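Novice: This is the structure I have questions about; it appears just below.
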Amino acid sequence: MNVAVLQFPGSNCDQDALHLFASGLKVPARYVWHKDTGLGSADLVVVPGGFSYGDYLRCGAIARFSPVMRAVRDFASAGGLVLGICNGFQILCEAGLLPGALIRNSSLEYRCLTCELAVEPSTPSFGPATLGPTIRMPIGHGEGNYRIDPEGLARLRANRQVLLRYASNPNGSLDDIAGIRNETGNVFGMMPHPDRAFERFHPSQDGLAVARAVLATRFPEVLKRAG
Amino acid sequence: MKITVFVTPKKNVLDPQGAAVGHALESLGFPGLKGARIGKLIELDVEGPDSPELRARLDQVCRDLLSNPVIEDFRCEIGR
């Protein structure tokens with residue numbers, strides 16, 4: 001198994017994301033620079049958090065046109081697993097790999113706190129059965145206010161595409177949405193940071209189970225290994 | 001040739017910045033204020049003449065890059 005962590009100019013959670021998989025889950029992980037046109041033999045692509053291209057124009061708008069994103073699009077359309085965290089979630093929405101968009105928090109404040117999240121029954125590996133009914137993970141963002149049109153929201157609900165909901169909405173997000181997946185179930189995006197929730201000194205260790213649940217979508221043995 | 005692209009939040013999309021500026025205008029006693037919306041203005045300096053091809057390309061980049069159709073509308077003014 002092999003995890004590719006993308007690096008854009010302005011990514012700042014790339015090392016945390018690599019550490020989550022390499023040290024937390026003991027899965028080989030490596031960086032892929034945004035100018036690379038290929039991903040190598042990756043089993044999971046992680047689009048990490050940060051401020052790619054300084055959040056210029058819109059969060060994730062410029063990163064979407066990086067050379068590596070063409071490879072990510074091909075990888076995802078062939079069924080490859082993709083996880084976007086925070087700015088990575090924004091990039092995947094801008095790239096059209098996930099529906100909807102993330103706008104300025106309704107408070108206009110940058111929100112940095114540990115959130116309680118309700119786990120939604122979304123896939124066999126990602127739901128309360130594997131993660132428990134609620135988990136805690138930190139957020140740190142100014143633009144996490146999820147928006148989608150009513151038809152899109154109805155589709156998300158009908159297809160069980162919502163992964164996580166905020167117990168106490170920190171950003172004005174529609175329907176308390178904190179994370180979603182695409183319809184086919186191979187592209188995941190979330191504002192909370194599993195990469196800031198696995199070490200003993202982190203505010204929670206639930207990020208490990210989240211990372212495991214994403215990997216287990218294609219590699220169920222990951223769950224068995226965890227016991 | 002100067003092209004000006006105006007990007008605005010869609011009417012039915014929440015605009016927290018516009019709402020905050022609206023509140024500030026209210027507190028300044030601005031008369032008759034019914035709403036404030038905040039968007040972006042992008043100026044492009046382009047060589048060559050106006051043409052249907054240019055307009056088609058412009059429309060495309062406005063949809064793909066300069067605006068996000070999920071949350072924003074755009075309109076262009078093409079000057080001399």
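To be explicit about the labels: the chains of the structure tokens are called A, B, and onward in the order shown, and within each one the residues are counted from 1, while ligands get numbers from 1 in the order they are shown.
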Quick one: everything within 7 Å of segment 201-211 of chain A, counting only C-alpha atoms, minus sequence neighbours fewer than 4 positions away in the same chain. Send it as a ChimeraX atom specification.
Specialist: /A:24,131,135-137,194-197,215
Novice: I need the chain A residues near chain B as number ranges by chain; criterion: at most 12 Å, counting only C-alpha atoms.
Specialist: A: 56-65, 90-91, 93-96, 98-109, 142-143, 145-150, 152, 171-174
Novice: I need the residues of segment 19-79 of chain B that end up classed as helix (DSSP H, G or I) by DSSP on the backbone, written out as a PDB file with N, CA and C atoms, in the first residue's frame.
Specialist:
```pdb
ATOM      1  N   ALA B  19     -23.133  40.965   4.417  1.00  0.00           N
ATOM      2  CA  ALA B  19     -24.012  41.194   5.572  1.00  0.00           C
ATOM      3  C   ALA B  19     -23.305  42.038   6.626  1.00  0.00           C
ATOM      4  N   ALA B  20     -22.010  41.744   6.871  1.00  0.00           N
ATOM      5  CA  ALA B  20     -21.261  42.499   7.889  1.00  0.00           C
ATOM      6  C   ALA B  20     -21.095  43.957   7.474  1.00  0.00           C
ATOM      7  N   VAL B  21     -20.791  44.175   6.186  1.00  0.00           N
ATOM      8  CA  VAL B  21     -20.638  45.547   5.699  1.00  0.00           C
ATOM      9  C   VAL B  21     -21.990  46.271   5.740  1.00  0.00           C
ATOM     10  N   GLY B  22     -23.070  45.519   5.444  1.00  0.00           N
ATOM     11  CA  GLY B  22     -24.414  46.090   5.534  1.00  0.00           C
ATOM     12  C   GLY B  22     -24.711  46.586   6.943  1.00  0.00           C
ATOM     13  N   HIS B  23     -24.321  45.764   7.954  1.00  0.00           N
ATOM     14  CA  HIS B  23     -24.539  46.162   9.349  1.00  0.00           C
ATOM     15  C   HIS B  23     -23.757  47.430   9.676  1.00  0.00           C
ATOM     16  N   ALA B  24     -22.508  47.496   9.173  1.00  0.00           N
ATOM     17  CA  ALA B  24     -21.675  48.676   9.435  1.00  0.00           C
ATOM     18  C   ALA B  24     -22.301  49.918   8.799  1.00  0.00           C
ATOM     19  N   LEU B  25     -22.817  49.754   7.576  1.00  0.00           N
ATOM     20  CA  LEU B  25     -23.463  50.887   6.900  1.00  0.00           C
ATOM     21  C   LEU B  25     -24.699  51.346   7.672  1.00  0.00           C
ATOM     22  N   GLU B  26     -25.436  50.363   8.197  1.00  0.00           N
ATOM     23  CA  GLU B  26     -26.610  50.691   9.015  1.00  0.00           C
ATOM     24  C   GLU B  26     -26.209  51.516  10.226  1.00  0.00           C
ATOM     25  N   SER B  27     -25.106  51.070  10.868  1.00  0.00           N
ATOM     26  CA  SER B  27     -24.697  51.768  12.089  1.00  0.00           C
ATOM     27  C   SER B  27     -24.176  53.167  11.770  1.00  0.00           C
ATOM     28  N   PRO B  52     -15.533  36.999 -31.786  1.00  0.00           N
ATOM     29  CA  PRO B  52     -16.382  35.958 -31.192  1.00  0.00           C
ATOM     30  C   PRO B  52     -15.546  34.885 -30.485  1.00  0.00           C
ATOM     31  N   GLU B  53     -14.357  34.559 -31.066  1.00  0.00           N
ATOM     32  CA  GLU B  53     -13.487  33.545 -30.452  1.00  0.00           C
ATOM     33  C   GLU B  53     -13.022  34.019 -29.080  1.00  0.00           C
ATOM     34  N   LEU B  54     -12.607  35.280 -29.036  1.00  0.00           N
ATOM     35  CA  LEU B  54     -12.132  35.842 -27.763  1.00  0.00           C
ATOM     36  C   LEU B  54     -13.255  35.792 -26.728  1.00  0.00           C
ATOM     37  N   ARG B  55     -14.441  36.160 -27.141  1.00  0.00           N
ATOM     38  CA  ARG B  55     -15.575  36.175 -26.198  1.00  0.00           C
ATOM     39  C   ARG B  55     -15.898  34.768 -25.704  1.00  0.00           C
ATOM     40  N   ALA B  56     -15.772  33.803 -26.598  1.00  0.00           N
ATOM     41  CA  ALA B  56     -16.034  32.420 -26.202  1.00  0.00           C
ATOM     42  C   ALA B  56     -14.982  31.950 -25.187  1.00  0.00           C
ATOM     43  N   ARG B  57     -13.700  32.314 -25.448  1.00  0.00           N
ATOM     44  CA  ARG B  57     -12.618  31.937 -24.528  1.00  0.00           C
ATOM     45  C   ARG B  57     -12.802  32.633 -23.182  1.00  0.00           C
ATOM     46  N   LEU B  58     -13.206  33.893 -23.255  1.00  0.00           N
ATOM     47  CA  LEU B  58     -13.419  34.674 -22.033  1.00  0.00           C
ATOM     48  C   LEU B  58     -14.519  34.037 -21.191  1.00  0.00           C
ATOM     49  N   ASP B  59     -15.606  33.683 -21.848  1.00  0.00           N
ATOM     50  CA  ASP B  59     -16.724  33.050 -21.149  1.00  0.00           C
ATOM     51  C   ASP B  59     -16.249  31.760 -20.461  1.00  0.00           C
ATOM     52  N   GLN B  60     -15.410  31.004 -21.175  1.00  0.00           N
ATOM     53  CA  GLN B  60     -14.910  29.740 -20.639  1.00  0.00           C
ATOM     54  C   GLN B  60     -14.057  29.954 -19.385  1.00  0.00           C
ATOM     55  N   VAL B  61     -13.089  30.907 -19.452  1.00  0.00           N
ATOM     56  CA  VAL B  61     -12.222  31.112 -18.277  1.00  0.00           C
ATOM     57  C   VAL B  61     -13.005  31.717 -17.103  1.00  0.00           C
ATOM     58  N   CYS B  62     -14.059  32.466 -17.430  1.00  0.00           N
ATOM     59  CA  CYS B  62     -14.881  33.004 -16.353  1.00  0.00           C
ATOM     60  C   CYS B  62     -15.575  31.870 -15.602  1.00  0.00           C
ATOM     61  N   ARG B  63     -16.030  30.869 -16.351  1.00  0.00           N
ATOM     62  CA  ARG B  63     -16.693  29.718 -15.723  1.00  0.00           C
ATOM     63  C   ARG B  63     -15.706  28.810 -15.008  1.00  0.00           C
ATOM     64  N   ASP B  64     -14.534  28.590 -15.635  1.00  0.00           N
ATOM     65  CA  ASP B  64     -13.574  27.599 -15.108  1.00  0.00           C
ATOM     66  C   ASP B  64     -12.735  28.144 -13.961  1.00  0.00           C
ATOM     67  N   LEU B  65     -12.311  29.393 -14.084  1.00  0.00           N
ATOM     68  CA  LEU B  65     -11.329  29.908 -13.126  1.00  0.00           C
ATOM     69  C   LEU B  65     -11.808  31.143 -12.368  1.00  0.00           C
ATOM     70  N   LEU B  66     -12.236  32.170 -13.094  1.00  0.00           N
ATOM     71  CA  LEU B  66     -12.461  33.465 -12.449  1.00  0.00           C
ATOM     72  C   LEU B  66     -13.672  33.465 -11.537  1.00  0.00           C
TER      73      LEU B  66
END
```
Novice: So, counting only C-alpha atoms, which residue among A:Pro28, A:Gly189, A:Gly140, A:Gly38 is closest to Cys13 of chain A?
Specialist: A:Gly140
Novice: Show which residues sit within 7 Å of Cys76 of chain B, as a ChimeraX atom specification. Count only C-alpha atoms, and ignore same-chain residues fewer than 6 positions away.
Specialist: /B:3-6
Novice: Which of these residues is nearest to Asp73 of chain B, using only C-alpha atoms: B:Gly32, B:Pro9, B:Gly39, B:Gly48?
Specialist: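 Counting only C-alpha atoms, the residue closest to Asp73 of chain B is B:Pro9.
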Novice: When you look at Glu183 of chain A with a cut-off of 7 Å (counting only C-alpha atoms), what residues show up, excluding the ones that are within fewer than 2 positions of it in the same chain? I need them as a PyMOL selection string.
Specialist: chain A and resi 159+161+181+185
Novice: Write a file of the selected residues as a PDB file, in the first residue's frame, keeping N, CA and C atoms.
Specialist:
```pdb
ATOM      1  N   ASN A 159     -28.022   9.788  -1.442  1.00  0.00           N
ATOM      2  CA  ASN A 159     -26.914   8.845  -1.685  1.00  0.00           C
ATOM      3  C   ASN A 159     -26.054   8.620  -0.449  1.00  0.00           C
ATOM      4  N   GLN A 161     -24.122  10.657   1.104  1.00  0.00           N
ATOM      5  CA  GLN A 161     -22.780  11.172   0.834  1.00  0.00           C
ATOM      6  C   GLN A 161     -22.214  12.021   1.971  1.00  0.00           C
ATOM      7  N   ARG A 181     -18.540  12.723   0.718  1.00  0.00           N
ATOM      8  CA  ARG A 181     -17.835  11.911  -0.287  1.00  0.00           C
ATOM      9  C   ARG A 181     -18.544  12.083  -1.617  1.00  0.00           C
ATOM     10  N   GLY A 185     -18.135   7.033  -4.090  1.00  0.00           N
ATOM     11  CA  GLY A 185     -17.573   6.617  -2.805  1.00  0.00           C
ATOM     12  C   GLY A 185     -16.073   6.417  -2.792  1.00  0.00           C
TER      13      GLY A 185
END
```
Novice: Could you give me the residues within segment 139-195 of chain A that DSSP places in strand (DSSP E or B), as an NGL selection string?
Specialist: :A and (139-141 or 145-147 or 162-166 or 177-181 or 187-190)
Novice: Just to be explicit: take each residue in the selection above, keep N, CA and C atoms, and write the result as a PDB file, in the first residue's frame.
Specialist:
```pdb
ATOM      1  N   ILE A 139     -10.721  21.686  13.997  1.00  0.00           N
ATOM      2  CA  ILE A 139     -10.824  22.449  12.757  1.00  0.00           C
ATOM      3  C   ILE A 139      -9.935  23.679  12.895  1.00  0.00           C
ATOM      4  N   GLY A 140      -9.565  24.255  11.764  1.00  0.00           N
ATOM      5  CA  GLY A 140      -8.839  25.523  11.733  1.00  0.00           C
ATOM      6  C   GLY A 140      -9.044  26.119  10.358  1.00  0.00           C
ATOM      7  N   HIS A 141     -10.067  26.953  10.218  1.00  0.00           N
ATOM      8  CA  HIS A 141     -10.336  27.504   8.888  1.00  0.00           C
ATOM      9  C   HIS A 141     -11.177  28.773   8.962  1.00  0.00           C
ATOM     10  N   ASN A 145     -17.624  27.030   5.320  1.00  0.00           N
ATOM     11  CA  ASN A 145     -19.075  27.148   5.269  1.00  0.00           C
ATOM     12  C   ASN A 145     -19.566  26.468   3.990  1.00  0.00           C
ATOM     13  N   TYR A 146     -20.004  25.210   4.131  1.00  0.00           N
ATOM     14  CA  TYR A 146     -20.359  24.404   2.958  1.00  0.00           C
ATOM     15  C   TYR A 146     -21.667  24.868   2.342  1.00  0.00           C
ATOM     16  N   ARG A 147     -21.661  25.003   1.031  1.00  0.00           N
ATOM     17  CA  ARG A 147     -22.852  25.461   0.291  1.00  0.00           C
ATOM     18  C   ARG A 147     -23.097  24.561  -0.899  1.00  0.00           C
ATOM     19  N   VAL A 162     -23.066  12.359   2.948  1.00  0.00           N
ATOM     20  CA  VAL A 162     -22.538  13.136   4.080  1.00  0.00           C
ATOM     21  C   VAL A 162     -21.806  12.185   5.017  1.00  0.00           C
ATOM     22  N   LEU A 163     -20.552  12.524   5.330  1.00  0.00           N
ATOM     23  CA  LEU A 163     -19.708  11.683   6.201  1.00  0.00           C
ATOM     24  C   LEU A 163     -19.819  12.129   7.657  1.00  0.00           C
ATOM     25  N   LEU A 164     -19.701  13.454   7.849  1.00  0.00           N
ATOM     26  CA  LEU A 164     -19.617  14.012   9.198  1.00  0.00           C
ATOM     27  C   LEU A 164     -20.467  15.275   9.292  1.00  0.00           C
ATOM     28  N   ARG A 165     -21.136  15.443  10.442  1.00  0.00           N
ATOM     29  CA  ARG A 165     -21.883  16.678  10.705  1.00  0.00           C
ATOM     30  C   ARG A 165     -21.403  17.275  12.025  1.00  0.00           C
ATOM     31  N   TYR A 166     -21.338  18.601  12.086  1.00  0.00           N
ATOM     32  CA  TYR A 166     -20.959  19.277  13.322  1.00  0.00           C
ATOM     33  C   TYR A 166     -22.084  19.153  14.344  1.00  0.00           C
ATOM     34  N   ILE A 177     -22.925  20.348   7.644  1.00  0.00           N
ATOM     35  CA  ILE A 177     -22.025  19.419   6.945  1.00  0.00           C
ATOM     36  C   ILE A 177     -20.555  19.757   7.210  1.00  0.00           C
ATOM     37  N   ALA A 178     -19.809  18.742   7.672  1.00  0.00           N
ATOM     38  CA  ALA A 178     -18.375  18.901   7.932  1.00  0.00           C
ATOM     39  C   ALA A 178     -17.540  18.108   6.947  1.00  0.00           C
ATOM     40  N   GLY A 179     -18.146  17.087   6.332  1.00  0.00           N
ATOM     41  CA  GLY A 179     -17.402  16.269   5.375  1.00  0.00           C
ATOM     42  C   GLY A 179     -18.349  15.476   4.503  1.00  0.00           C
ATOM     43  N   ILE A 180     -17.935  15.274   3.245  1.00  0.00           N
ATOM     44  CA  ILE A 180     -18.763  14.525   2.285  1.00  0.00           C
ATOM     45  C   ILE A 180     -17.880  13.592   1.464  1.00  0.00           C
ATOM     46  N   ARG A 181     -18.540  12.723   0.718  1.00  0.00           N
ATOM     47  CA  ARG A 181     -17.835  11.911  -0.287  1.00  0.00           C
ATOM     48  C   ARG A 181     -18.544  12.083  -1.617  1.00  0.00           C
ATOM     49  N   VAL A 187     -13.942   9.432  -3.414  1.00  0.00           N
ATOM     50  CA  VAL A 187     -13.355  10.744  -3.131  1.00  0.00           C
ATOM     51  C   VAL A 187     -13.995  11.300  -1.857  1.00  0.00           C
ATOM     52  N   PHE A 188     -13.149  11.616  -0.863  1.00  0.00           N
ATOM     53  CA  PHE A 188     -13.608  12.082   0.452  1.00  0.00           C
ATOM     54  C   PHE A 188     -13.070  13.483   0.712  1.00  0.00           C
ATOM     55  N   GLY A 189     -13.897  14.328   1.330  1.00  0.00           N
ATOM     56  CA  GLY A 189     -13.432  15.662   1.705  1.00  0.00           C
ATOM     57  C   GLY A 189     -13.996  16.046   3.055  1.00  0.00           C
ATOM     58  N   MET A 190     -13.172  16.690   3.882  1.00  0.00           N
ATOM     59  CA  MET A 190     -13.656  17.117   5.204  1.00  0.00           C
ATOM     60  C   MET A 190     -12.871  18.335   5.682  1.00  0.00           C
TER      61      MET A 190
END
```
Novice: From the options A:Glu221, A:Asp36, A:Asp175, A:Asp55, which residue's atoms come nearest to Val72 of chain A, counting only C-alpha atoms?
Specialist: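 When distances to Val72 of chain A are compared using only C-alpha atoms, the smallest one comes from A:Asp36.
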Novice: Report as a PDB file with C-alpha atoms, in the first residue's frame all protein, DNA and RNA residues lying within 10 Å of Leu6 of chain A, evaluated on only C-alpha atoms, omitting residues in the same chain fewer than 6 positions from it.
Specialist:
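See around_39.pdb below for the written result:
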```
ATOM      1  CA  ASP A  14       1.477  18.132   4.180  1.00  0.00           C
ATOM      2  CA  ALA A  17      -0.829  14.260   6.675  1.00  0.00           C
ATOM      3  CA  LEU A  18       2.260  12.214   5.795  1.00  0.00           C
ATOM      4  CA  ARG A  30       5.546  10.067   0.184  1.00  0.00           C
ATOM      5  CA  TYR A  31       5.146  13.584  -1.169  1.00  0.00           C
ATOM      6  CA  VAL A  32       4.135  14.463  -4.723  1.00  0.00           C
ATOM      7  CA  TRP A  33       4.991  17.999  -5.874  1.00  0.00           C
ATOM      8  CA  HIS A  34       2.228  19.961  -7.577  1.00  0.00           C
ATOM      9  CA  LYS A  35       4.264  20.245 -10.797  1.00  0.00           C
ATOM     10  CA  ASP A  36       4.549  16.468 -11.149  1.00  0.00           C
ATOM     11  CA  LEU A  39       1.313  10.074  -9.068  1.00  0.00           C
ATOM     12  CA  VAL A  45      -3.963  10.464  -2.730  1.00  0.00           C
ATOM     13  CA  VAL A  46      -4.163  12.959   0.136  1.00  0.00           C
ATOM     14  CA  VAL A  47      -4.759  16.619  -0.683  1.00  0.00           C
ATOM     15  CA  PRO A  48      -3.573  18.303   2.526  1.00  0.00           C
ATOM     16  CA  GLY A  49      -4.609  21.466   4.298  1.00  0.00           C
ATOM     17  CA  VAL A  68      -0.690  17.165 -10.695  1.00  0.00           C
ATOM     18  CA  MET A  69      -4.447  17.725 -10.519  1.00  0.00           C
ATOM     19  CA  VAL A  72      -5.557  13.200  -9.615  1.00  0.00           C
ATOM     20  CA  GLY A  84      -9.009  16.116   0.871  1.00  0.00           C
ATOM     21  CA  GLY A  88      -7.672  19.887   0.270  1.00  0.00           C
TER      22      GLY A  88
END
```
Novice: Please compute the atom CA of Phe75 of chain A-atom CA of Thr217 of chain A distance, one decimal, in Å.
Specialist: 15.4 Å
Novice: Identify which of the residues B:Gly29, B:Phe74, B:Gly35, B:Glu43 lies closest to Val7 of chain B, counting only C-alpha atoms when measuring atom-to-atom distances.
Specialist: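 Of B:Gly29, B:Phe74, B:Gly35, B:Glu43, the one nearest Val7 of chain B is B:Phe74, counting only C-alpha atoms.
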Novice: Please identify all polymer residues within 10 Å of Ala129 of chain A, counting only C-alpha atoms, omitting same-chain residues fewer than 5 positions from it, and present them as a PyMOL selection string.
Specialist: chain A and resi 119-121+123-124
Novice: Which one of A:Leu117, A:Val5, A:Cys86, A:Ala29 sits closest to Ala167 of chain A if you count only C-alpha atoms?
Specialist: A:Leu117
